[in-house]
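Okay, structure first, notes after.
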Amino acid sequence: MLSFGILTRMAKTAITPTRSENYPEWYQQVIKSADLAESSVVRGCMVIKPWGYAIWENIQKILDGMIKDTGHKNFYCPLFVPLSFMEKEAAHVDGFAKECAVVTHHRLEATADGKLEPAGKLEEPLIIRPTSEAIIGDLYSRWIQSYRDLPLLYNQWANVVRWEMRTRLFLRTSEFLWQEGHTAHATEEEAQAETLLMLNTYVDLLENYLGMPLIHGEKTSSERFPGAVSTYTMEMMMQDKKALQGGTSHYLGQNFAKAFNIKYLSAAGKEEYVYTTSWGVTTRLIGSMVMMHSDDDGLILPPKIAPTHVVIMPLLRDDQNKDKILQYCDELLVELQSMSIKAEIDASDMRPGEKAWGWVKKGVPIRLEIGAKELEQQSVYMGRRDLPYKEKKGMSKTEFLNAANDILLEMQDNIFARALKFQQDNTVEVKSESEFYEFFNDKSTGGFTIAPWADEPASEEKMKQELKVTPRVLPHNRADDRGTCIFTGKPDAKYTVFAKSY
């Protein structure tokens, strides 16, 4: 049985099945109950519904500000990439070849029986971008002439297509939304500093806004982005103890510069290749928040990215106090909005319990129930989404307004601390290969292990085949530590985090 670090209530839950009963199906039902997204008629694609898209817009707004604060500018590149561009960087095309969607015709023509068939074959097939290094490499080769043009610090918000065989809403879909940064630099040192700057920007976003603790560091050689010299990543532990990658930042060296002939004339008058980077996060972040924070009653949202912070629910059991209760709610709404707290009133005619459960499942941080009693006492009846549903508290309106922002910050901290404790409680350092196998073969445990590893293919393939475990990251907080590889016995092995993953 799965352990979630949280005591499960014996009472009825809003989500069926629960996490312990069927974690993958629980995930799907949380998304459905919160009305975040649904599958499209197009295989592997999703429709992001208003509540889910509002969460993405909040993430986008925060991250876009961070990106601009670090000196980057937004631009936009075409969706289509000529096949010949993809072929220029061998490792890159090998890495994405099996996921590419290809356009071969440019129009439709009606047949004699009224059906439509592709017509107008293209001279060169076009790839629907799985990522944009290839087409941006071509652009940079024309835009960069001199050292005065550097550094080039650009980012785009876009969609990409990767024709996945097995899809799951938000986590892995054939089309998804993301941002991708692409930069060019005069020196290796500048490019490497840029790669780590953006990794740390993502760490800030995930930990301090999305409330998600993580382990960040460098990817192992087999897990690098195709064509990269080094890839840096953030690995997070979900409540089923599997790892999920939160985003990546790639140091590309001069690989793409040489493939696309991106050169500049230095101050000394010498022609040099630039050094490039790329980095990105996707709508997968929404799925990771669902799996890390939510419970058997539905979605839990960190207040800093919630579309609504407070929902006010007037309890209108009769017409006697209806107008006065609604006026009281309106006044409360105005006061909250004046404090930069995003609030709304749900005056729908649903039954109070049904209405409350609806907002619980959507993950709104604070629910306020306002009835005749609250009107009379000038009070509120508050429920917090970081606490069990039945743990509600009455307090005066003045007391609540004075404390509202502090309550939201406390909830943000609580959500992060709970996830961090779960990660720490389920991360184990192992000393030998037998201990490693024992850990991952025990279905009652699971989680992350950390051990010295020589980064060699034989043991990696063995763990993948026998345990479905992969090396996830060389953690920065253990970057200076070395040990004897638990698989090969080789000395001076770097510490590596291992896990089953999505």
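So you can find residues: chains in the structure tokens are A, B, ... in the order shown, residues in each start at 1, and ligands are numbered from 1 in order.
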
Write out, as a Markdown table, each residue of stretch 275-295 of chain A that has an atom at most 7 Å from stretch 168-187 of chain A, together with the closest pair of atoms and their distance in Å to one decimal, counting only C-alpha atoms, rows going by chain and rising number.
```
| residue | atom | partner | partner_atom | distance |
| --- | --- | --- | --- | --- |
| A:Tyr275 | CA | A:His185 | CA | 5.1 |
| A:Thr276 | CA | A:Ala184 | CA | 4.4 |
| A:Thr277 | CA | A:Thr183 | CA | 5.3 |
| A:Ser278 | CA | A:His182 | CA | 4.5 |
| A:Trp279 | CA | A:Gly181 | CA | 5.1 |
| A:Gly280 | CA | A:Glu180 | CA | 4.5 |
| A:Val281 | CA | A:Trp178 | CA | 5.7 |
| A:Thr282 | CA | A:Trp178 | CA | 4.0 |
| A:Thr283 | CA | A:Leu177 | CA | 5.6 |
| A:Arg284 | CA | A:Leu171 | CA | 4.9 |
| A:Ile286 | CA | A:Phe170 | CA | 6.6 |
| A:Gly287 | CA | A:Phe170 | CA | 5.1 |
```

Atoms to include: N, CA and C atoms. Write the selected residues as a PDB file, in the first residue's frame.
```pdb
ATOM      1  N   TYR A 275      29.005  30.024 -28.386  1.00  0.00           N
ATOM      2  CA  TYR A 275      28.593  28.970 -27.464  1.00  0.00           C
ATOM      3  C   TYR A 275      27.110  29.199 -27.163  1.00  0.00           C
ATOM      4  N   THR A 276      26.316  28.151 -27.196  1.00  0.00           N
ATOM      5  CA  THR A 276      24.868  28.328 -27.042  1.00  0.00           C
ATOM      6  C   THR A 276      24.293  27.541 -25.868  1.00  0.00           C
ATOM      7  N   THR A 277      23.099  27.969 -25.450  1.00  0.00           N
ATOM      8  CA  THR A 277      22.351  27.277 -24.398  1.00  0.00           C
ATOM      9  C   THR A 277      20.880  27.188 -24.821  1.00  0.00           C
ATOM     10  N   SER A 278      20.158  26.295 -24.186  1.00  0.00           N
ATOM     11  CA  SER A 278      18.697  26.288 -24.295  1.00  0.00           C
ATOM     12  C   SER A 278      18.127  25.765 -22.987  1.00  0.00           C
ATOM     13  N   TRP A 279      16.888  26.163 -22.676  1.00  0.00           N
ATOM     14  CA  TRP A 279      16.304  25.803 -21.384  1.00  0.00           C
ATOM     15  C   TRP A 279      14.792  25.962 -21.457  1.00  0.00           C
ATOM     16  N   GLY A 280      14.062  25.144 -20.683  1.00  0.00           N
ATOM     17  CA  GLY A 280      12.607  25.226 -20.766  1.00  0.00           C
ATOM     18  C   GLY A 280      11.882  24.473 -19.664  1.00  0.00           C
ATOM     19  N   VAL A 281      10.653  24.929 -19.410  1.00  0.00           N
ATOM     20  CA  VAL A 281       9.692  24.198 -18.570  1.00  0.00           C
ATOM     21  C   VAL A 281       8.357  24.183 -19.311  1.00  0.00           C
ATOM     22  N   THR A 282       7.474  23.271 -18.929  1.00  0.00           N
ATOM     23  CA  THR A 282       6.255  23.038 -19.698  1.00  0.00           C
ATOM     24  C   THR A 282       5.025  22.978 -18.787  1.00  0.00           C
ATOM     25  N   THR A 283       3.878  22.758 -19.439  1.00  0.00           N
ATOM     26  CA  THR A 283       2.627  22.551 -18.697  1.00  0.00           C
ATOM     27  C   THR A 283       2.678  21.293 -17.844  1.00  0.00           C
ATOM     28  N   ARG A 284       3.740  20.504 -17.965  1.00  0.00           N
ATOM     29  CA  ARG A 284       3.933  19.373 -17.056  1.00  0.00           C
ATOM     30  C   ARG A 284       3.961  19.841 -15.603  1.00  0.00           C
ATOM     31  N   ILE A 286       1.961  21.653 -14.075  1.00  0.00           N
ATOM     32  CA  ILE A 286       0.625  21.540 -13.479  1.00  0.00           C
ATOM     33  C   ILE A 286       0.384  20.112 -13.024  1.00  0.00           C
ATOM     34  N   GLY A 287       0.739  19.145 -13.873  1.00  0.00           N
ATOM     35  CA  GLY A 287       0.601  17.749 -13.476  1.00  0.00           C
ATOM     36  C   GLY A 287       1.437  17.397 -12.267  1.00  0.00           C
TER      37      GLY A 287
END
```

Give me the residues of stretch 17-81 of chain A that have any atom at most 6 Å from an atom of stretch 118-135 of chain A; for each, the nearest atom pair and the distance in Å, rounded to one decimal. Use only C-alpha atoms, sort by chain and number, and format it as CSV.
```
residue,atom,partner,partner_atom,distance
A:Leu79,CA,A:Arg129,CA,5.7
A:Phe80,CA,A:Ile128,CA,4.9
A:Val81,CA,A:Ile127,CA,4.9
```

Just the selected residues (C-alpha atoms), exported as a compact mmCIF listing (two decimals), in the first residue's frame, please.
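Generated output (out-v4.txt):
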```txt
# COMPACT_ATOMS: atom_id res chain seq x y z
CA LEU A 79 6.08 26.16 -35.88
CA PHE A 80 7.58 24.43 -38.92
CA VAL A 81 11.20 23.28 -39.21
```

Between atom CA of A:Tyr273 and atom CA of A:Asn261 - distance in Å to one decimal: 7.4 Å

Determine, counting only C-alpha atoms, which protein, DNA and RNA residues have an atom within 6 Å of an atom of stretch 239-248 of chain A; residues of the same chain fewer than 5 positions away are not included. Present the result as a short mmCIF file (atom, residue, chain, number, x, y, z; two decimals) with C-alpha atoms, in the first residue's frame.
```cif
data_model
loop_
_atom_site.label_atom_id
_atom_site.label_comp_id
_atom_site.auth_asym_id
_atom_site.auth_seq_id
_atom_site.Cartn_x
_atom_site.Cartn_y
_atom_site.Cartn_z
CA PHE A 4 1.62 9.49 1.61
CA TYR A 232 20.98 20.32 -15.73
CA THR A 233 17.68 19.23 -14.24
CA MET A 234 15.33 19.32 -11.27
CA TRP A 279 16.30 25.80 -21.38
CA GLY A 280 12.61 25.23 -20.77
CA VAL A 281 9.69 24.20 -18.57
CA MET A 292 2.79 16.28 -5.29
CA GLY A 446 10.09 2.98 -2.92
CA GLY A 447 11.47 6.47 -3.25
CA LYS A 500 11.58 4.93 -10.87
CA SER A 501 10.16 7.78 -12.89
CA TYR A 502 7.48 9.17 -15.17
#
```

Considering only C-alpha atoms, tabulate each residue of stretch 153-260 of chain A that lies at most 10 Å from stretch 402-416 of chain A along with its nearest interatomic pair and the corresponding distance in Å to one decimal; arrange the rows by chain and ascending residue number and present them as a tab-separated table.
```
residue	atom	partner	partner_atom	distance
A:Leu206	CA	A:Phe416	CA	10.0
A:Glu207	CA	A:Phe416	CA	7.4
A:Asn208	CA	A:Phe416	CA	8.3
A:Tyr209	CA	A:Gln412	CA	8.1
A:Leu210	CA	A:Phe416	CA	8.3
A:Gly211	CA	A:Phe416	CA	4.5
A:Met212	CA	A:Phe416	CA	5.9
A:Pro213	CA	A:Phe416	CA	6.6
```

Restricted to N, CA and C atoms, what would the selected residues look like written as a tab-separated table (two decimals), in the first residue's frame?
```tsv
chain	number	residue	atom	x	y	z
A	206	LEU	N	9.88	26.89	-8.83
A	206	LEU	CA	9.25	25.66	-8.34
A	206	LEU	C	9.15	25.63	-6.82
A	207	GLU	N	10.21	26.02	-6.15
A	207	GLU	CA	10.19	25.92	-4.69
A	207	GLU	C	9.41	27.05	-4.05
A	208	ASN	N	9.61	28.28	-4.50
A	208	ASN	CA	9.05	29.43	-3.80
A	208	ASN	C	7.68	29.86	-4.28
A	209	TYR	N	7.25	29.38	-5.41
A	209	TYR	CA	5.93	29.73	-5.93
A	209	TYR	C	5.02	28.50	-6.06
A	210	LEU	N	5.54	27.43	-6.63
A	210	LEU	CA	4.74	26.22	-6.80
A	210	LEU	C	4.81	25.30	-5.58
A	211	GLY	N	5.65	25.65	-4.61
A	211	GLY	CA	5.71	24.89	-3.38
A	211	GLY	C	6.27	23.49	-3.53
A	212	MET	N	7.14	23.29	-4.52
A	212	MET	CA	7.62	21.94	-4.82
A	212	MET	C	9.10	21.79	-4.50
A	213	PRO	N	9.45	21.04	-3.46
A	213	PRO	CA	10.86	20.77	-3.18
A	213	PRO	C	11.44	19.88	-4.27
```

Selection near A:Ala479, 10 Å with only C-alpha atoms, sequence-local residues under 3 positions removed, as a ChimeraX atom specification: /A:217-218,474-476,482,494-496

Produce a file of the selected residues containing C-alpha atoms, as an mmCIF file, in the first residue's frame.
```cif
data_model
loop_
_atom_site.group_PDB
_atom_site.id
_atom_site.type_symbol
_atom_site.label_atom_id
_atom_site.label_comp_id
_atom_site.auth_asym_id
_atom_site.auth_seq_id
_atom_site.Cartn_x
_atom_site.Cartn_y
_atom_site.Cartn_z
ATOM 1 C CA GLY A 217 21.986 19.061 -10.532
ATOM 2 C CA GLU A 218 23.452 17.596 -13.710
ATOM 3 C CA LEU A 474 23.995 14.203 -9.971
ATOM 4 C CA PRO A 475 22.878 16.467 -7.093
ATOM 5 C CA HIS A 476 24.632 19.795 -6.738
ATOM 6 C CA ARG A 482 33.127 10.953 -4.198
ATOM 7 C CA LYS A 494 30.051 10.771 -8.278
ATOM 8 C CA TYR A 495 26.979 10.553 -6.069
ATOM 9 C CA THR A 496 23.848 9.947 -8.142
#
```

Which residue of A:Asp297, A:Asp94, A:Glu391, A:Glu438 approaches A:Val30 most closely, using only C-alpha atoms: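 Result for the nearest residue to A:Val30: A:Asp297.
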
Alpha helix (DSSP H) residues, from DSSP on the backbone, in stretch 233-353 of chain A, as a VMD selection string: chain A and resid 255 to 260 284 to 293 322 to 338 352 to 353

Selection near A:Phe225, 10 Å with only C-alpha atoms, sequence-local residues under 3 positions removed, as a PyMOL selection string: chain A and resi 91-92+95-96+219+221-222+228-232+248-252+278

Top pick for closest residue to A:Val473, considering A:Ser294, A:Ser444, A:Thr220, A:Thr167 and counting only C-alpha atoms: A:Thr220

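The list of residues with at least one atom within 8 Å of A:Gly383, based on only C-alpha atoms and without residues fewer than 2 positions apart in the same chain, reads A:Ile366, A:Arg367, A:Leu368, A:Tyr381, A:Arg385, A:Leu387, A:Tyr389, A:Lys390, A:Glu391, A:Lys392, A:Lys393.
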
Could you save the residues just selected, with C-alpha atoms, as an mmCIF file, in the first residue's frame?
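Wrote again08.cif, looks like this:
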```cif
data_model
loop_
_atom_site.group_PDB
_atom_site.id
_atom_site.type_symbol
_atom_site.label_atom_id
_atom_site.label_comp_id
_atom_site.auth_asym_id
_atom_site.auth_seq_id
_atom_site.Cartn_x
_atom_site.Cartn_y
_atom_site.Cartn_z
ATOM 1 C CA ILE A 366 -9.631 29.542 1.532
ATOM 2 C CA ARG A 367 -13.400 28.998 1.644
ATOM 3 C CA LEU A 368 -15.656 31.386 3.556
ATOM 4 C CA TYR A 381 -16.662 30.648 8.874
ATOM 5 C CA ARG A 385 -7.460 23.654 1.816
ATOM 6 C CA LEU A 387 -6.300 21.257 6.430
ATOM 7 C CA TYR A 389 -12.321 19.470 5.164
ATOM 8 C CA LYS A 390 -14.066 19.370 8.543
ATOM 9 C CA GLU A 391 -11.483 21.565 10.284
ATOM 10 C CA LYS A 392 -13.260 24.919 9.901
ATOM 11 C CA LYS A 393 -12.949 27.971 12.087
#
```

Nearest candidate to A:Lys397 (options A:Gln156, A:Leu63, A:Asp425, A:Glu335; using only C-alpha atoms): A:Glu335

Proximity to A:Asp346 - best of A:Val311, A:Ala372, A:Phe256, A:Lys361, only C-alpha atoms: A:Val311

Contacts of A:Gln145 within 7 Å, only C-alpha atoms, excl. fewer than 6 positions in-chain, as a list in words: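 Listed by chain and then number, they are Lys263, Tyr264 and Leu265 of chain A.
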
Go ahead and save the residues from that selection, with C-alpha atoms, as a PDB file, in the first residue's frame.
```pdb
ATOM      1  CA  LYS A 263      30.115  32.547 -36.104  1.00  0.00           C
ATOM      2  CA  TYR A 264      31.134  36.007 -34.990  1.00  0.00           C
ATOM      3  CA  LEU A 265      34.092  38.287 -35.593  1.00  0.00           C
TER       4      LEU A 265
END
```
